[in-house]
Structure formats: C-alpha cells, structure tokens
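A quick write-up on the structure given underneath.
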Amino acid sequence: MLVDALGRPLRDLRISVTDRCNFRCTYCMPRDVFDHDYEFLPRAELLTFEELTRLVRIFVGLGVRKVRITGGEPLLRRGLERLVADLAAIDGVDDLTLTTNGSLLARRARSLAAAGLHRVTVSLDALDDEVFRSMNDADFPVADVLEAIAVADAAGLRPVKINAVVARGVNDQEILPLADYFRHTGHVLRFIEFMDVGTANGWDPSAVVTAREIVETIDARWPLEPVDPAYRGEVARRWRYRDGAGEIGVIASVTEPFCGDCTRLRLSAEGRLYTCLFATEGLDLRGPLRGGADDDELAALVAGRWRRRTDRYSERRREVPLDLPKIEMSYIGG
Ligand code: SAM
Ligand code: SF4
Ligand code: SF4
C-alpha cells in the first residue's frame with residue numbers, strides 16, 4: 001500500500017474541472033479580486049476529459065477509491081456528463097460525487113445521475129434570500145438552490161449533502177434556520193469553519209465560528225448526540241438529533257484539525273497535483289502527460305510525490321505566516 005511520510009494512505013481524489021464560477025462568494029472569490037481583469041485558465045490549458053480519465057485510472061491503481069468533481073463551479077464545464085460516465089466506468093471508483101453551488105443543478109441532476117454520478121454536495125450558506133444573495137454576490141435566489149436539492153434527491157443523488165460555511169457577523173444567524181429546514185429531510189447538513197484558504201478572502205481568525213459553537217447552538221434547540229465516524233479520514237464530525245430528525249456534520253478544519261487522517265489528493269483543472277489544500281506549489285502532470293509519458297511513468301511521479309508528503313498545515317497553522325502565496329479555493333476546489 002502506498003503511504004506518505006506520515007503513514008497516511010492515498011484514498012480520496014478531488015478533481016477541479018474549471019477555475020471559473022458564476023458566483024462570487026465573498027469568502028471564496030471576492031469580486032474585487034476576481035473581477036473583469038482576472039485571468040482565468042485558458043481552455044487549452046485545462047485537462048481534457050480523456051486526460052482526466054487516464055489520470056484517474058492511474059490514481060485508482062495507487063489506492064484512490066473516492067473521487068469528487070469540483071471547481072470553480074464544475075457544472076460550468078461543458079458536457080460534464082461525459083466525464084462522469086467515463087469515471088463511473090472505472091473499476092475501483094467506489095464513490096463518485098460532485099460539489100456544486102446548485103445554480104445549474106436542477107436542469108442537470110437527472111442527466112448526471114443517468115451518467116453514473118452517485119451523490120452531490122450542494123453549497124448553501126443561508127436560507128434567508130437577502131443574506132444568500134449578498135453572500136453569493138451574484139444576486140442568485142435561494143429558492144432555486146432549494147429546488148435543485150429537491151430535484152437531485154428525486155433523481156437519486158442521495159443523500160444530498162449541504163455544505164454551509166459559517167462566517168461571524170455574516171451568516172451565523174442562519175445556523176438554526178438551516179438546521180430547521182433540513183431536519184426530517186434525509187439530507188445531511190454540514191457546517192464548515194471558515195478557512196484561511198488562498199490569500200484573497202481577507203480571512204481573520206475572529207471570523208471563524210467554531211464547530212463547538214455551532215454544535216452548542218443547535219444542541220440547545222434540538223438536543224444532539226455524537227455518531228461514530230463511518231470510516232478513517234471522514235472529515236466531518238457527525239451528530240444526530242436525539243428526536244430522530246436526522247444527522248448533521250461539522251467540519252472543524254481550523255479548531256480541530258484532522259491532518260493525521262488526511263488521505264486526500266487534489267488535481268487542479270490544469271493538471272497540477274496538490275497534496276494539501278494549503279499548498280503553495282503543485283506537481284505538474286500535464287507536461288509529462290502531453291509530453292508522451294506512459295502510465296507507469298506517470299504513476300511513479302505521483303507515487304513519489306505521495307511518499308514524500310509531510311503536509312499538516314492545519315495542525316501548524318499558528319506557526320505559519322499568514323501571507324504565504326497559497327492557492328485559491330476556486331482554483332483547487334476545496
Ligand atoms: N463551486 C462549488 C461549490 O461552491 O460548491 C464547488 C467549489 S467550492 C470552492 C467547494 C466548497 O468550498 C464549497 O462548499 C465552499 O463553500 C467551500 N469554501 C470555499 N471557500 C471556503 C473557505 N474560505 N472556507 C471554508 N470553505 C470554503
Ligand atoms: Fe464559486 Fe463555489 Fe467559490 Fe462560491 S464557493 S465562489 S460557488 S467556487
Ligand atoms: Fe489535509 Fe492539508 Fe487539510 Fe491537513 S491542512 S487536513 S494535510 S489538506
């Protein structure tokens with residue numbers, strides 16, 4: 001088994017298929033940075049679906065079992081169903097999922113399910129329409145995302161996971177309304193601590209609403225009890241409502257880092273490999289891929305990189321300077 005320098009196996013892969021997005025979430029792609037002058041990747045620099053499928057086969061040979069498609073907004077990538085179908089056909093991909101802002105999902109959920117997608121995660125930070133529109137900064141209505149979640153569920157992409165990033169003074173008042181809305185639905189709402197990914201979002205530790213605060217807020221209204229993790233490396237701590245209304249999760253990347261169990265590799269849309277969400281440098285795979293490397297050579301490159309991996313940024317956050325040239329969330333996909 002391939003393990004890194006800290007004994008962690010390679011299990012999960014996140015593929016970013018585009019760095020573009022139709023939202024400008026203030027904590028991810030603030031409009032003053034991601035404006036008309038911002039240079040997104042040119043099309044020719046994106047890995048093709050054929051290149052991606054070939055790489056995923058190689059990653060599966062090295063231990064990957066779970067694949068998540070992300071972005072930017074992955075549904076902006078034309079013909080994504082074709083990639084989904086190709087990845088779903090790979091023996092060894094046990095879990096194939098997609099993270100989306102939900103804006104284009106209502107009309108695509110059925111075709112994605114038909115192509116072989118297993119589940120979706122939909123990001124939704126507020127139930128209040130005004131708060132949601134101002135957070136996505138694209139004036140996108142919350143009703144359309146709620147509709148997309150229902151359509152995805154009906155299409156069989158379930159259980160739908162809902163990701164909510166909580167930022168103090170921005171949407172912390174939305175914790176209870178979100179919890180209330182998703183109780184008894186079978187969807188799993190997961191709250192994520194606001195992270196210092198990239199350099200554009202003006203992160204500040206005081207803006208982090210801790211997982212503990214979130215759990216206490218909900219527990220005071222609807223009592224919760226902990227649920228055992230489903231598998232090693234599960235990033236969300238799970239809690240269930242004592243009254244049987246379902247489950248929630250909290251992802252405490254800042255206050256309770258889980259680097260020790262981090263089995264995740266990330267591939268950017270242009271084919272760079274990152275072994276940590278907070279990395280500053282990636283390993284270029286597109287060059288060798290387009291330069292004629294065979295599968296064994298590519299596998300050796302990836303395996304070599306994984307074996308040398310020592311990343312544990314979140315555990316070292318306090319020692320690391322805040323102004324590192326870290327990659328942006330919209331580039332690497334979360
Ligand atoms: N556009 C898609 C979406 O929003 O679901 C996929 C890409 S997005 C970068 C992936 C996830 O990262 C989303 O759930 C988003 O809320 C989360 N995210 C972005 N910036 C974040 C930050 N600074 N801290 C925590 N989560 C963040
Ligand atoms: Fe776009 Fe997702 Fe980032 Fe929001 S979180 S700006 S939807 S990539
Ligand atoms: Fe994994 Fe890096 Fe996050 Fe730690 S900080 S859990 S190593 S991605």
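Residues in the structure tokens are numbered from 1 in each chain, the chains being A, B, ... in the order shown, and ligands are numbered from 1 in the order shown.
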If the limit is 6 Å from any atom of ligand 3, counting only C-alpha atoms and all ligand atoms, which residues qualify? Return them as a compact mmCIF listing (two decimals) with N, CA and C atoms, in the first residue's frame.
```txt
# COMPACT_ATOMS: atom_id res chain seq x y z
N PHE A 258 -7.63 17.76 11.25
CA PHE A 258 -7.65 16.31 11.10
C PHE A 258 -6.58 15.85 10.12
N CYS A 259 -5.42 16.55 10.13
CA CYS A 259 -4.34 16.21 9.19
C CYS A 259 -3.87 14.77 9.34
N CYS A 262 -5.59 12.63 6.96
CA CYS A 262 -5.87 13.23 5.65
C CYS A 262 -5.30 12.36 4.53
N CYS A 276 -2.04 19.12 -0.37
CA CYS A 276 -2.67 19.81 0.76
C CYS A 276 -3.46 21.00 0.22
N LEU A 277 -4.57 21.28 0.87
CA LEU A 277 -5.41 22.41 0.48
C LEU A 277 -4.67 23.74 0.62
N PHE A 278 -3.66 23.74 1.47
CA PHE A 278 -2.95 24.99 1.76
C PHE A 278 -1.57 25.02 1.12
N ASP A 311 2.62 17.07 4.58
CA ASP A 311 1.71 18.19 4.87
C ASP A 311 0.89 17.97 6.14
N ARG A 312 0.80 19.03 6.93
CA ARG A 312 -0.17 19.07 8.04
C ARG A 312 -0.39 20.53 8.44
N TYR A 313 -0.73 21.28 7.42
CA TYR A 313 -0.87 22.73 7.58
C TYR A 313 -1.77 23.12 8.74
N SER A 314 -2.96 22.51 8.80
CA SER A 314 -3.94 22.96 9.80
C SER A 314 -3.45 22.74 11.22
```
### Task
Residues within 8 Å of ligand 2 should be enumerated using only C-alpha atoms and all ligand atoms and returned as number ranges by chain.
A: 19-30, 71-73, 100-101, 123, 136, 329-330, 333
### Task
Have a look at A:Pro229, A:Thr99, A:Arg316, A:Ile332 and name the one nearest to Glu281 (chain A); count only C-alpha atoms.
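Distance minimum relative to Glu281 (chain A) lands on A:Ile332.
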### Task
Give me every strand (DSSP E) residue in region 219-255 of chain A, going by DSSP on the backbone, as a list in words.
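Answer for region 219-255 of chain A, restricted to strand (DSSP E): Leu224, Glu225, Pro226, Val227, Arg237, Arg238, Trp239, Arg240, Tyr241, Glu247, Ile248, Gly249, Val250 and Ile251 of chain A.
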### Summary
One residue among A:Asp228, A:Asp94, A:Glu193, A:Asp144 is nearest to ligand 1 when using only C-alpha atoms and all ligand atoms, and that residue is A:Glu193
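Between CA of Ala114 (chain A) and CA of Leu83 (chain A) there is a distance of 12.3 Å.
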#### Entry: Pick from A:Met195, A:Ala230, A:Met1, A:Ala269, whichever lies nearest to ligand 1 using only C-alpha atoms and all ligand atoms
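Looking at the shortest contact to ligand 1, the residue is A:Met195.
Closest to Ala152 (chain A) among A:Arg110, A:Arg183, A:Arg8, A:Arg242 is A:Arg110, based on only C-alpha atoms.
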### Task
To one decimal in Å, tell me the separation between CA of Phe49 (chain A) and atom 4 (O, counted along the ligand's line) of ligand 1.
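Straight-line distance from CA of Phe49 (chain A) to atom 4 (O, counted along the ligand's line) of ligand 1 works out to 21.2 Å.
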### Task
For Asp129 (chain A), please output as a ChimeraX atom specification all residues within 8 Å (counting only C-alpha atoms; exclusion window: fewer than 2 positions along the same chain).
/A:126-127,131-133,141-143
### Message
Just checking: using only C-alpha atoms and all ligand atoms, which residue out of A:Pro257, A:Pro226, A:Gly79, A:Gly102 ends up closest to ligand 1?
### Response
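Closest candidate: A:Gly102.
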### Message
Give me the residues near Ala211 (chain A) as a list in words, where near means some atom within 8 Å (using only C-alpha atoms) and where sequence neighbours in that chain fewer than 4 positions away do not count.
### Response
Phe191, Ile192, Glu193, Val215, Val250, Ile251, Ala252 and Thr255 of chain A
### Task
With a distance cut-off of 8 Å and only C-alpha atoms, select the neighbouring residues of Asp12 (chain A), excluding the residue or stretch itself and same-chain residues fewer than 5 positions from it, and output the selection as a PyMOL selection string.
chain A and resi 64-68+263-265
Go ahead and write the residues just picked, all heavy atoms, as a tab-separated table (two decimals), in the first residue's frame.
```tsv
chain	number	residue	atom	x	y	z
A	64	VAL	N	-6.62	5.21	-4.79
A	64	VAL	CA	-7.80	6.08	-4.71
A	64	VAL	C	-9.08	5.27	-4.87
A	64	VAL	O	-9.18	4.41	-5.75
A	64	VAL	CB	-7.72	7.19	-5.78
A	64	VAL	CG1	-9.08	7.86	-6.00
A	64	VAL	CG2	-6.69	8.24	-5.38
A	65	ARG	N	-10.08	5.54	-3.99
A	65	ARG	CA	-11.38	4.85	-4.08
A	65	ARG	C	-12.54	5.84	-4.19
A	65	ARG	O	-13.62	5.48	-4.60
A	65	ARG	CB	-11.61	3.97	-2.84
A	65	ARG	CG	-10.67	2.77	-2.78
A	65	ARG	CD	-10.95	1.78	-3.91
A	65	ARG	NE	-9.95	0.74	-4.01
A	65	ARG	CZ	-8.88	0.78	-4.82
A	65	ARG	NH1	-8.66	1.83	-5.60
A	65	ARG	NH2	-8.02	-0.21	-4.86
A	66	LYS	N	-12.28	7.09	-3.74
A	66	LYS	CA	-13.34	8.09	-3.78
A	66	LYS	C	-12.90	9.24	-4.67
A	66	LYS	O	-11.79	9.74	-4.53
A	66	LYS	CB	-13.59	8.64	-2.36
A	66	LYS	CG	-14.09	7.59	-1.39
A	66	LYS	CD	-14.21	8.18	0.00
A	66	LYS	CE	-15.20	9.32	0.01
A	66	LYS	NZ	-15.48	9.77	1.39
A	67	VAL	N	-13.80	9.64	-5.56
A	67	VAL	CA	-13.48	10.74	-6.46
A	67	VAL	C	-14.57	11.80	-6.36
A	67	VAL	O	-15.75	11.49	-6.44
A	67	VAL	CB	-13.36	10.24	-7.92
A	67	VAL	CG1	-13.10	11.41	-8.87
A	67	VAL	CG2	-12.27	9.19	-8.05
A	68	ARG	N	-14.15	13.03	-6.16
A	68	ARG	CA	-15.09	14.14	-6.11
A	68	ARG	C	-14.74	15.15	-7.20
A	68	ARG	O	-13.59	15.55	-7.34
A	68	ARG	CB	-15.03	14.81	-4.73
A	68	ARG	CG	-15.91	16.03	-4.59
A	68	ARG	CD	-16.00	16.51	-3.16
A	68	ARG	NE	-16.66	15.54	-2.29
A	68	ARG	CZ	-17.99	15.43	-2.16
A	68	ARG	NH1	-18.79	16.23	-2.84
A	68	ARG	NH2	-18.51	14.54	-1.36
A	263	THR	N	-6.21	11.76	3.77
A	263	THR	CA	-5.83	10.79	2.74
A	263	THR	C	-6.14	11.35	1.35
A	263	THR	O	-6.42	10.60	0.42
A	263	THR	CB	-6.62	9.49	2.95
A	263	THR	OG1	-8.02	9.81	2.99
A	263	THR	CG2	-6.26	8.82	4.26
A	264	ARG	N	-6.08	12.65	1.21
A	264	ARG	CA	-6.66	13.33	0.07
A	264	ARG	C	-5.63	13.98	-0.86
A	264	ARG	O	-4.72	14.66	-0.42
A	264	ARG	CB	-7.55	14.42	0.64
A	264	ARG	CG	-8.46	15.05	-0.30
A	264	ARG	CD	-9.50	15.79	0.45
A	264	ARG	NE	-10.45	14.88	1.08
A	264	ARG	CZ	-11.51	15.26	1.77
A	264	ARG	NH1	-11.72	16.54	1.96
A	264	ARG	NH2	-12.33	14.38	2.26
A	265	LEU	N	-5.86	13.76	-2.13
A	265	LEU	CA	-5.03	14.35	-3.18
A	265	LEU	C	-5.91	15.27	-4.01
A	265	LEU	O	-7.08	14.97	-4.24
A	265	LEU	CB	-4.49	13.21	-4.04
A	265	LEU	CG	-3.39	13.48	-5.04
A	265	LEU	CD1	-2.16	14.05	-4.35
A	265	LEU	CD2	-3.01	12.17	-5.72
```
Could you give me, as CSV, a per-residue list for region 185-209 of chain A showing, wherever an atom lies at most 12 Å from an atom of region 33-40 of chain A, the closest pair of atoms and their distance in Å to one decimal, using only C-alpha atoms and sorting by chain then residue number from low to high?
```
residue,atom,partner,partner_atom,distance
A:Gly198,CA,A:Val33,CA,11.8
A:Thr199,CA,A:Val33,CA,10.1
A:Ala200,CA,A:Val33,CA,6.7
A:Asn201,CA,A:Val33,CA,8.9
A:Gly202,CA,A:Val33,CA,10.9
```
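Counting only C-alpha atoms and all ligand atoms and comparing A:Ile218, A:Leu289, A:Leu189, A:Leu157, the residue that lies closest to ligand 1 is A:Leu189.
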### Query
Can you list, as a count of residues only, every protein, DNA or RNA residue that comes within 10 Å of Leu96 (chain A) when you count only C-alpha atoms, leaving out same-chain residues fewer than 4 positions away?
14
